[in-house]
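Coordinates as given in data11.txt (compact mmCIF, C-alpha atoms):
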```txt
# COMPACT_ATOMS: atom_id res chain seq x y z
CA MET A 1 13.37 -21.00 5.84
CA LYS A 2 9.76 -21.95 5.25
CA ILE A 3 7.61 -19.60 3.14
CA THR A 4 3.83 -19.39 3.46
CA TYR A 5 1.46 -17.26 1.38
CA LEU A 6 -1.99 -16.53 2.68
CA THR A 7 -4.85 -14.06 2.49
CA ASN A 8 -6.17 -12.44 5.64
CA GLN A 9 -9.68 -11.03 5.31
CA TYR A 10 -9.80 -8.60 8.20
CA ARG A 11 -12.87 -6.70 7.08
CA LYS A 12 -15.71 -7.34 4.65
CA ASN A 13 -14.10 -5.63 1.65
CA ARG A 14 -10.38 -6.13 2.32
CA ASN A 15 -8.29 -9.21 1.66
CA LEU A 16 -4.69 -8.70 2.76
CA CYS A 17 -2.08 -10.68 0.80
CA MET A 18 0.66 -11.80 3.18
CA LYS A 19 4.00 -13.58 2.92
CA ILE A 20 5.43 -15.25 6.00
CA ALA A 21 8.96 -16.58 6.38
CA GLU A 22 9.46 -18.91 9.34
CA PRO A 23 12.32 -20.99 10.76
CA ASP A 24 12.65 -24.46 9.24
CA ASP A 25 12.38 -26.11 12.64
CA GLY A 26 9.02 -24.45 13.30
CA ILE A 27 10.23 -22.73 16.46
CA THR A 28 9.45 -19.01 16.39
CA GLU A 29 10.71 -17.03 19.36
CA ARG A 30 10.45 -13.58 17.77
CA PHE A 31 8.82 -11.91 14.78
CA VAL A 32 9.49 -8.86 12.61
CA LEU A 33 7.07 -6.92 10.40
CA ALA A 34 8.58 -5.89 7.04
CA LEU A 35 7.11 -3.16 4.83
CA HIS A 36 7.96 -2.45 1.20
CA GLY A 37 8.00 0.84 -0.68
CA PHE A 38 5.58 2.58 -3.03
CA ALA A 39 5.10 0.57 -6.26
CA GLY A 40 7.01 -2.31 -4.66
CA SER A 41 5.77 -5.56 -3.16
CA MET A 42 6.27 -8.06 -0.37
CA GLU A 43 8.64 -9.90 -2.74
CA SER A 44 11.22 -7.17 -2.13
CA TRP A 45 14.73 -8.59 -2.33
CA ALA A 46 15.63 -6.67 0.82
CA ILE A 47 12.80 -8.36 2.72
CA THR A 48 13.93 -11.73 1.34
CA ALA A 49 17.52 -11.07 2.42
CA LEU A 50 16.32 -10.05 5.86
CA ALA A 51 14.16 -13.17 6.19
CA GLU A 52 17.07 -15.44 5.23
CA ARG A 53 19.12 -14.01 8.08
CA LEU A 54 16.42 -13.75 10.75
CA THR A 55 14.75 -17.12 10.28
CA ALA A 56 18.13 -18.69 11.09
CA GLN A 57 17.75 -17.01 14.49
CA ARG A 58 14.25 -18.39 15.17
CA THR A 59 12.64 -15.14 14.04
CA ALA A 60 9.70 -15.01 11.63
CA VAL A 61 9.33 -12.20 9.08
CA LEU A 62 5.85 -11.13 7.97
CA ALA A 63 5.30 -8.92 4.93
CA PHE A 64 2.17 -7.81 3.09
CA ASN A 65 1.13 -6.04 -0.09
CA TYR A 66 -0.58 -2.67 -0.01
CA ALA A 67 -3.73 -2.43 -2.10
CA GLY A 68 -2.83 -2.46 -5.79
CA HIS A 69 0.73 -3.62 -5.14
CA GLY A 70 2.30 -6.93 -6.12
CA THR A 71 -0.33 -9.67 -6.26
CA ASP A 72 -2.99 -7.51 -4.64
CA THR A 73 -5.92 -6.83 -6.98
CA GLN A 74 -7.85 -4.32 -4.87
CA ASP A 75 -6.34 -1.28 -6.55
CA GLU A 76 -9.38 0.89 -5.78
CA LEU A 77 -8.65 0.60 -2.04
CA PHE A 78 -5.18 2.15 -2.21
CA SER A 79 -4.96 5.07 0.22
CA VAL A 80 -2.87 6.08 3.21
CA GLU A 81 -5.81 5.31 5.49
CA ASN A 82 -6.18 1.79 4.09
CA CYS A 83 -2.43 1.14 4.17
CA LEU A 84 -2.42 2.01 7.87
CA ALA A 85 -5.43 -0.25 8.40
CA ASP A 86 -3.54 -3.05 6.63
CA TYR A 87 -0.55 -2.39 8.88
CA ARG A 88 -2.66 -2.64 12.04
CA SER A 89 -4.25 -5.81 10.73
CA ALA A 90 -0.84 -7.37 10.01
CA ILE A 91 0.30 -6.56 13.55
CA ALA A 92 -2.80 -8.16 15.05
CA PHE A 93 -2.40 -11.20 12.78
CA ALA A 94 1.22 -11.68 13.84
CA GLN A 95 0.42 -11.34 17.52
CA ASN A 96 -2.35 -13.90 17.16
CA ARG A 97 -0.17 -16.30 15.14
CA TYR A 98 2.72 -16.08 17.60
CA PRO A 99 1.11 -15.48 21.02
CA ASP A 100 4.24 -16.59 22.88
CA ALA A 101 6.77 -14.86 20.64
CA GLU A 102 8.34 -11.42 21.06
CA TRP A 103 7.54 -8.70 18.53
CA CYS A 104 11.11 -7.57 18.25
CA GLY A 105 11.18 -5.33 15.19
CA VAL A 106 9.93 -3.46 12.16
CA PHE A 107 11.94 -3.18 8.94
CA ALA A 108 10.37 -0.54 6.71
CA THR A 109 11.47 0.79 3.32
CA SER A 110 10.66 4.17 1.76
CA PHE A 111 6.83 4.60 1.78
CA GLY A 112 6.76 1.81 4.37
CA GLY A 113 8.95 4.03 6.53
CA PHE A 114 6.45 6.86 6.14
CA LEU A 115 3.66 4.51 7.27
CA THR A 116 5.74 3.31 10.22
CA LEU A 117 6.43 6.84 11.38
CA ASN A 118 2.71 7.58 11.18
CA LEU A 119 1.93 4.50 13.26
CA CYS A 120 4.85 4.97 15.63
CA GLY A 121 2.64 5.87 18.58
CA GLU A 122 0.96 2.46 18.32
CA ILE A 123 4.21 0.49 18.14
CA PRO A 124 5.52 -0.46 21.61
CA ALA A 125 8.81 1.09 22.67
CA SER A 126 10.25 -2.42 23.02
CA VAL A 127 9.97 -2.93 19.24
CA ASN A 128 13.17 -2.04 17.36
CA ILE A 129 12.56 0.02 14.23
CA VAL A 130 14.80 0.07 11.16
CA LEU A 131 13.97 2.55 8.39
CA ARG A 132 15.62 1.93 5.02
CA ALA A 133 15.61 5.05 2.81
CA PRO A 134 12.41 6.18 4.56
CA ALA A 135 10.25 8.73 2.78
CA VAL A 136 10.31 11.19 5.66
CA ASN A 137 9.04 13.85 3.23
CA MET A 138 6.66 11.59 1.32
CA ALA A 139 4.50 14.31 -0.23
CA ASP A 140 7.56 15.85 -1.89
CA VAL A 141 8.88 12.43 -2.91
CA PHE A 142 5.57 11.54 -4.52
CA ALA A 143 5.31 14.91 -6.28
CA ARG A 144 8.75 14.40 -7.84
CA ILE A 145 7.74 10.92 -9.03
CA VAL A 146 4.61 12.37 -10.64
CA GLU A 147 6.63 15.12 -12.30
CA ASP A 148 9.17 12.62 -13.66
CA GLU A 149 6.90 9.71 -14.56
CA GLY A 150 3.26 10.80 -14.49
CA GLY A 151 2.97 13.92 -16.62
CA GLY A 152 3.26 16.46 -13.83
CA MET A 153 1.32 17.56 -10.78
CA ALA A 154 -0.90 20.04 -12.65
CA ARG A 155 -2.15 17.29 -14.93
CA TYR A 156 -2.54 14.94 -11.95
CA GLN A 157 -4.75 17.44 -10.14
CA GLN A 158 -6.76 18.23 -13.26
CA GLU A 159 -7.41 14.60 -14.19
CA GLY A 160 -7.83 13.41 -10.62
CA LYS A 161 -5.55 10.41 -10.97
CA VAL A 162 -2.14 9.31 -12.24
CA THR A 163 -0.82 5.96 -13.43
CA LEU A 164 2.52 4.99 -11.92
CA GLY A 165 4.70 1.90 -11.60
CA ASP A 166 6.77 -0.25 -13.91
CA ALA A 167 5.65 -3.84 -14.47
CA ARG A 168 2.72 -3.35 -12.08
CA LYS A 169 0.69 -0.24 -12.95
CA LEU A 170 -1.41 1.54 -10.35
CA ASN A 171 -3.93 4.33 -10.79
CA VAL A 172 -3.37 6.67 -7.87
CA PRO A 173 -6.26 9.06 -7.12
CA TYR A 174 -5.48 12.69 -6.28
CA PRO A 175 -6.88 12.38 -2.74
CA PHE A 176 -3.88 10.11 -1.99
CA TYR A 177 -1.57 13.12 -2.40
CA ARG A 178 -3.75 15.15 -0.03
CA GLU A 179 -3.49 12.30 2.49
CA LEU A 180 0.29 12.47 2.26
CA ILE A 181 0.19 16.15 3.16
CA GLU A 182 -2.30 15.59 5.99
CA ASN A 183 -0.15 12.80 7.45
CA ASP A 184 3.19 14.60 7.09
CA VAL A 185 5.90 13.38 9.47
CA PHE A 186 8.77 15.56 8.31
CA GLN A 187 8.34 18.23 11.00
CA ARG A 188 7.31 15.85 13.78
CA ASN A 189 9.43 14.91 16.76
CA PHE A 190 9.88 11.22 17.62
CA ASP A 191 11.15 10.57 21.10
CA ARG A 192 12.45 7.05 20.53
CA GLN A 193 15.50 5.28 19.22
CA MET A 194 15.39 4.10 15.61
CA LEU A 195 17.95 3.18 12.97
CA LEU A 196 17.76 5.03 9.66
CA ILE A 197 19.82 3.64 6.75
CA HIS A 198 20.25 5.79 3.65
CA GLY A 199 22.34 5.96 0.51
CA ASP A 200 24.10 9.25 -0.17
CA CYS A 201 23.28 9.00 -3.90
CA ASP A 202 19.51 8.59 -3.40
CA THR A 203 17.59 10.84 -5.81
CA VAL A 204 14.13 9.66 -4.66
CA VAL A 205 14.38 10.29 -0.93
CA LEU A 206 16.87 13.13 -0.71
CA PRO A 207 19.78 12.70 1.74
CA ASP A 208 19.35 16.32 2.86
CA ASP A 209 15.81 15.47 3.97
CA THR A 210 16.81 12.52 6.16
CA ALA A 211 19.69 14.58 7.56
CA ALA A 212 17.29 17.39 8.54
CA PHE A 213 14.79 14.89 9.92
CA CYS A 214 17.41 13.22 12.10
CA ALA A 215 18.75 16.58 13.26
CA ARG A 216 15.27 17.21 14.71
CA ASN A 217 15.18 13.70 16.12
CA PRO A 218 18.56 13.07 17.77
CA LYS A 219 17.55 9.66 19.16
CA ILE A 220 17.48 8.33 15.59
CA THR A 221 20.79 6.84 14.44
CA ARG A 222 21.50 7.68 10.79
CA GLU A 223 23.86 5.38 8.90
CA ILE A 224 25.00 6.25 5.37
CA ILE A 225 25.85 3.71 2.67
CA HIS A 226 28.26 5.60 0.43
CA GLY A 227 27.53 5.39 -3.29
CA ALA A 228 24.11 3.79 -2.79
CA ASP A 229 20.98 5.07 -4.49
CA HIS A 230 17.37 4.43 -3.46
CA LEU A 231 17.38 0.73 -4.35
CA PHE A 232 20.81 -0.31 -3.01
CA LEU A 233 21.41 -2.38 -6.14
CA HIS A 234 25.18 -2.11 -6.38
CA ALA A 235 27.32 -5.05 -5.30
CA GLY A 236 27.71 -5.30 -1.54
CA GLU A 237 25.24 -2.55 -0.65
CA LEU A 238 22.44 -4.85 0.51
CA ASP A 239 24.94 -6.76 2.64
CA GLN A 240 25.88 -3.48 4.29
CA VAL A 241 22.21 -2.77 4.99
CA MET A 242 21.75 -6.20 6.53
CA ALA A 243 24.92 -5.85 8.61
CA LEU A 244 23.37 -2.76 10.19
CA ALA A 245 19.73 -3.84 10.31
CA VAL A 246 19.93 -7.36 11.73
CA PRO A 247 21.81 -6.53 14.97
CA TRP A 248 19.51 -3.55 15.54
CA LEU A 249 16.37 -5.63 15.13
CA MET A 250 17.72 -8.36 17.38
CA ARG A 251 19.30 -6.16 20.04
CA THR A 252 16.58 -6.62 22.68
CA ALA A 253 16.67 -10.39 22.33
CA SER A 254 20.48 -10.52 22.35
CA GLY A 255 20.88 -8.08 25.20
CA ILE A 256 22.90 -5.56 23.18
```
Now that the file is in, can you turn its structure into structure tokens?
Amino acid sequence: MKITYLTNQYRKNRNLCMKIAEPDDGITERFVLALHGFAGSMESWAITALAERLTAQRTAVLAFNYAGHGTDTQDELFSVENCLADYRSAIAFAQNRYPDAEWCGVFATSFGGFLTLNLCGEIPASVNIVLRAPAVNMADVFARIVEDEGGGMARYQQEGKVTLGDARKLNVPYPFYRELIENDVFQRNFDRQMLLIHGDCDTVVLPDDTAAFCARNPKITREIIHGADHLFLHAGELDQVMALAVPWLMRTASGI
């Protein structure tokens, strides 16, 4: 596959860092948008694994960094509103880059799943959606992260920000948490088919939450990877994810 890095300035103060994986022969018949999780980046090994498989089927994979994630240096712009604006911009960029190609899918992980569910009404029904360990209850997920890694929610509210992340640190303002609450998807009903892949040992996005979410949304197919945690790092787990995700993303094109 051929990898291209570029920056897309879609408004005066926002430069979107993008990574594009394309077929070696230059023929792109379809494209997929891939979204990483909170404190992750477009260099996600799951996105890379997906791109390796899809580019072999003449399908491009486009990923991007949220503000303050990965190589992005615009930390001060990190918010749910701006992440959704980035998402819309990436969609428009892909449609412009591949005017004759089919937008066949979205592959979204954790916080990326939360963003996808928020934008679901703007994603055509013909686009196949795969959610990997999606943060269907993102406000609660984030609060647990702050309690475990950021000194607690009371301190977060008092100080107005919290620093999170491992190698890449990000100062997250308290209004971000309020945005998560305002954009809650946990109690919403989604009348469309989607594939949700989750590990039953996930302590970040709780399995009980995705089970309850899917019970309210029976058109969503929930597949469990037994023994997997939030990152699917154990041997063979990522292969299991790909074995489920790739056919789902390609099902319109293949006639399945």
(message) Between CA of Asp239 in chain A and CA of Thr109 in chain A, what distance in Å does the model show, to one decimal?
(response)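 Between CA of Asp239 in chain A and CA of Thr109 in chain A the gap works out to 15.5 Å.
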(request) Rank nothing, just name the residue among A:Lys161, A:Lys19, A:Arg88, A:Arg11 nearest to Leu119 in chain A, using only C-alpha atoms. (result)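 Closest to Leu119 in chain A of all the choices is A:Arg88.
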(message) For a test of reading the model, state the distance in Å between CA of His230 in chain A and CA of Asn137 in chain A, rounded to one decimal.
(response)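 Value for the CA of His230 in chain A-CA of Asn137 in chain A distance: 14.2 Å.
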(message) I want to know what sits within 7 Å of Met42 in chain A, based on all atoms listed in the file, with residues of the same chain fewer than 4 positions away left out; could you give that as a PyMOL selection string?
(response) chain A and resi 19+36+63-65
(request) Would you kindly identify which residues have an atom no farther than 6 Å from (8.4, 7.4, 15.9), using only C-alpha atoms and the file's own coordinates, and write them out as a ChimeraX atom specification? (result) /A:117,120,190
Give me the residues of range 93-174 of chain A that have any atom at most 9 Å from an atom of range 206-221 of chain A; for each, the nearest atom pair and the distance in Å, rounded to one decimal. Use only C-alpha atoms, sort by chain and number, and format it as JSON lines.
```
{"residue": "A:Ala133", "atom": "CA", "partner": "A:Thr210", "partner_atom": "CA", "distance": 8.3}
{"residue": "A:Pro134", "atom": "CA", "partner": "A:Thr210", "partner_atom": "CA", "distance": 7.9}
{"residue": "A:Ala135", "atom": "CA", "partner": "A:Thr210", "partner_atom": "CA", "distance": 8.3}
{"residue": "A:Val136", "atom": "CA", "partner": "A:Thr210", "partner_atom": "CA", "distance": 6.7}
{"residue": "A:Asn137", "atom": "CA", "partner": "A:Asp209", "partner_atom": "CA", "distance": 7.0}
{"residue": "A:Val141", "atom": "CA", "partner": "A:Leu206", "partner_atom": "CA", "distance": 8.3}
```
Reconstruct all heavy atoms of range 74-85 of chain A; output as a PDB file, keeping the file's coordinate frame.
```
ATOM      1  N   GLN A  74      -6.868  -5.301  -5.333  1.00  0.00           N
ATOM      2  CA  GLN A  74      -7.850  -4.320  -4.870  1.00  0.00           C
ATOM      3  C   GLN A  74      -7.322  -2.895  -5.024  1.00  0.00           C
ATOM      4  O   GLN A  74      -7.274  -2.115  -4.079  1.00  0.00           O
ATOM      5  CB  GLN A  74      -8.238  -4.625  -3.417  1.00  0.00           C
ATOM      6  CG  GLN A  74      -8.934  -5.976  -3.257  1.00  0.00           C
ATOM      7  CD  GLN A  74      -9.381  -6.222  -1.834  1.00  0.00           C
ATOM      8  OE1 GLN A  74      -8.563  -6.417  -0.934  1.00  0.00           O
ATOM      9  NE2 GLN A  74     -10.692  -6.201  -1.618  1.00  0.00           N
ATOM     10  N   ASP A  75      -6.963  -2.569  -6.255  1.00  0.00           N
ATOM     11  CA  ASP A  75      -6.340  -1.280  -6.550  1.00  0.00           C
ATOM     12  C   ASP A  75      -7.174  -0.099  -6.042  1.00  0.00           C
ATOM     13  O   ASP A  75      -6.628   0.915  -5.586  1.00  0.00           O
ATOM     14  CB  ASP A  75      -6.139  -1.116  -8.061  1.00  0.00           C
ATOM     15  CG  ASP A  75      -5.219  -2.167  -8.650  1.00  0.00           C
ATOM     16  OD1 ASP A  75      -5.337  -3.343  -8.243  1.00  0.00           O
ATOM     17  OD2 ASP A  75      -4.406  -1.832  -9.532  1.00  0.00           O
ATOM     18  N   GLU A  76      -8.487  -0.222  -6.137  1.00  0.00           N
ATOM     19  CA  GLU A  76      -9.380   0.890  -5.780  1.00  0.00           C
ATOM     20  C   GLU A  76      -9.316   1.237  -4.293  1.00  0.00           C
ATOM     21  O   GLU A  76      -9.772   2.308  -3.883  1.00  0.00           O
ATOM     22  CB  GLU A  76     -10.823   0.559  -6.172  1.00  0.00           C
ATOM     23  CG  GLU A  76     -11.513  -0.508  -5.318  1.00  0.00           C
ATOM     24  CD  GLU A  76     -11.108  -1.945  -5.653  1.00  0.00           C
ATOM     25  OE1 GLU A  76     -10.285  -2.133  -6.575  1.00  0.00           O
ATOM     26  OE2 GLU A  76     -11.631  -2.868  -5.001  1.00  0.00           O
ATOM     27  N   LEU A  77      -8.726   0.362  -3.482  1.00  0.00           N
ATOM     28  CA  LEU A  77      -8.650   0.600  -2.040  1.00  0.00           C
ATOM     29  C   LEU A  77      -7.339   1.250  -1.613  1.00  0.00           C
ATOM     30  O   LEU A  77      -7.115   1.475  -0.427  1.00  0.00           O
ATOM     31  CB  LEU A  77      -8.827  -0.718  -1.275  1.00  0.00           C
ATOM     32  CG  LEU A  77     -10.179  -1.408  -1.402  1.00  0.00           C
ATOM     33  CD1 LEU A  77     -10.221  -2.678  -0.563  1.00  0.00           C
ATOM     34  CD2 LEU A  77     -11.310  -0.466  -0.989  1.00  0.00           C
ATOM     35  N   PHE A  78      -6.469   1.576  -2.585  1.00  0.00           N
ATOM     36  CA  PHE A  78      -5.180   2.150  -2.210  1.00  0.00           C
ATOM     37  C   PHE A  78      -5.352   3.570  -1.673  1.00  0.00           C
ATOM     38  O   PHE A  78      -5.856   4.460  -2.346  1.00  0.00           O
ATOM     39  CB  PHE A  78      -4.222   2.175  -3.396  1.00  0.00           C
ATOM     40  CG  PHE A  78      -2.872   2.758  -3.047  1.00  0.00           C
ATOM     41  CD1 PHE A  78      -2.059   2.145  -2.114  1.00  0.00           C
ATOM     42  CD2 PHE A  78      -2.429   3.936  -3.634  1.00  0.00           C
ATOM     43  CE1 PHE A  78      -0.818   2.678  -1.763  1.00  0.00           C
ATOM     44  CE2 PHE A  78      -1.199   4.479  -3.310  1.00  0.00           C
ATOM     45  CZ  PHE A  78      -0.390   3.847  -2.361  1.00  0.00           C
ATOM     46  N   SER A  79      -4.939   3.763  -0.437  1.00  0.00           N
ATOM     47  CA  SER A  79      -4.960   5.070   0.220  1.00  0.00           C
ATOM     48  C   SER A  79      -4.058   4.969   1.441  1.00  0.00           C
ATOM     49  O   SER A  79      -3.742   3.869   1.906  1.00  0.00           O
ATOM     50  CB  SER A  79      -6.373   5.469   0.652  1.00  0.00           C
ATOM     51  OG  SER A  79      -6.838   4.620   1.684  1.00  0.00           O
ATOM     52  N   VAL A  80      -3.660   6.099   1.974  1.00  0.00           N
ATOM     53  CA  VAL A  80      -2.870   6.080   3.210  1.00  0.00           C
ATOM     54  C   VAL A  80      -3.686   5.452   4.331  1.00  0.00           C
ATOM     55  O   VAL A  80      -3.189   4.617   5.094  1.00  0.00           O
ATOM     56  CB  VAL A  80      -2.415   7.504   3.590  1.00  0.00           C
ATOM     57  CG1 VAL A  80      -1.768   7.498   4.984  1.00  0.00           C
ATOM     58  CG2 VAL A  80      -1.441   8.055   2.558  1.00  0.00           C
ATOM     59  N   GLU A  81      -4.940   5.842   4.435  1.00  0.00           N
ATOM     60  CA  GLU A  81      -5.810   5.310   5.490  1.00  0.00           C
ATOM     61  C   GLU A  81      -5.886   3.785   5.422  1.00  0.00           C
ATOM     62  O   GLU A  81      -5.767   3.093   6.450  1.00  0.00           O
ATOM     63  CB  GLU A  81      -7.206   5.903   5.374  1.00  0.00           C
ATOM     64  CG  GLU A  81      -8.171   5.401   6.431  1.00  0.00           C
ATOM     65  CD  GLU A  81      -9.574   5.974   6.278  1.00  0.00           C
ATOM     66  OE1 GLU A  81      -9.810   6.752   5.329  1.00  0.00           O
ATOM     67  OE2 GLU A  81     -10.440   5.636   7.114  1.00  0.00           O
ATOM     68  N   ASN A  82      -6.071   3.244   4.219  1.00  0.00           N
ATOM     69  CA  ASN A  82      -6.180   1.790   4.090  1.00  0.00           C
ATOM     70  C   ASN A  82      -4.843   1.092   4.300  1.00  0.00           C
ATOM     71  O   ASN A  82      -4.801  -0.032   4.819  1.00  0.00           O
ATOM     72  CB  ASN A  82      -6.767   1.429   2.731  1.00  0.00           C
ATOM     73  CG  ASN A  82      -8.267   1.666   2.674  1.00  0.00           C
ATOM     74  OD1 ASN A  82      -8.947   1.620   3.701  1.00  0.00           O
ATOM     75  ND2 ASN A  82      -8.789   1.921   1.486  1.00  0.00           N
ATOM     76  N   CYS A  83      -3.747   1.725   3.906  1.00  0.00           N
ATOM     77  CA  CYS A  83      -2.430   1.140   4.170  1.00  0.00           C
ATOM     78  C   CYS A  83      -2.177   1.035   5.678  1.00  0.00           C
ATOM     79  O   CYS A  83      -1.639   0.031   6.164  1.00  0.00           O
ATOM     80  CB  CYS A  83      -1.325   1.972   3.524  1.00  0.00           C
ATOM     81  SG  CYS A  83      -1.223   1.819   1.728  1.00  0.00           S
ATOM     82  N   LEU A  84      -2.582   2.055   6.417  1.00  0.00           N
ATOM     83  CA  LEU A  84      -2.420   2.010   7.870  1.00  0.00           C
ATOM     84  C   LEU A  84      -3.337   0.960   8.488  1.00  0.00           C
ATOM     85  O   LEU A  84      -2.956   0.283   9.452  1.00  0.00           O
ATOM     86  CB  LEU A  84      -2.701   3.394   8.466  1.00  0.00           C
ATOM     87  CG  LEU A  84      -1.661   4.472   8.149  1.00  0.00           C
ATOM     88  CD1 LEU A  84      -2.133   5.837   8.648  1.00  0.00           C
ATOM     89  CD2 LEU A  84      -0.307   4.138   8.759  1.00  0.00           C
ATOM     90  N   ALA A  85      -4.528   0.801   7.918  1.00  0.00           N
ATOM     91  CA  ALA A  85      -5.430  -0.250   8.400  1.00  0.00           C
ATOM     92  C   ALA A  85      -4.836  -1.628   8.127  1.00  0.00           C
ATOM     93  O   ALA A  85      -4.918  -2.533   8.966  1.00  0.00           O
ATOM     94  CB  ALA A  85      -6.796  -0.108   7.735  1.00  0.00           C
TER      95      ALA A  85
END
```
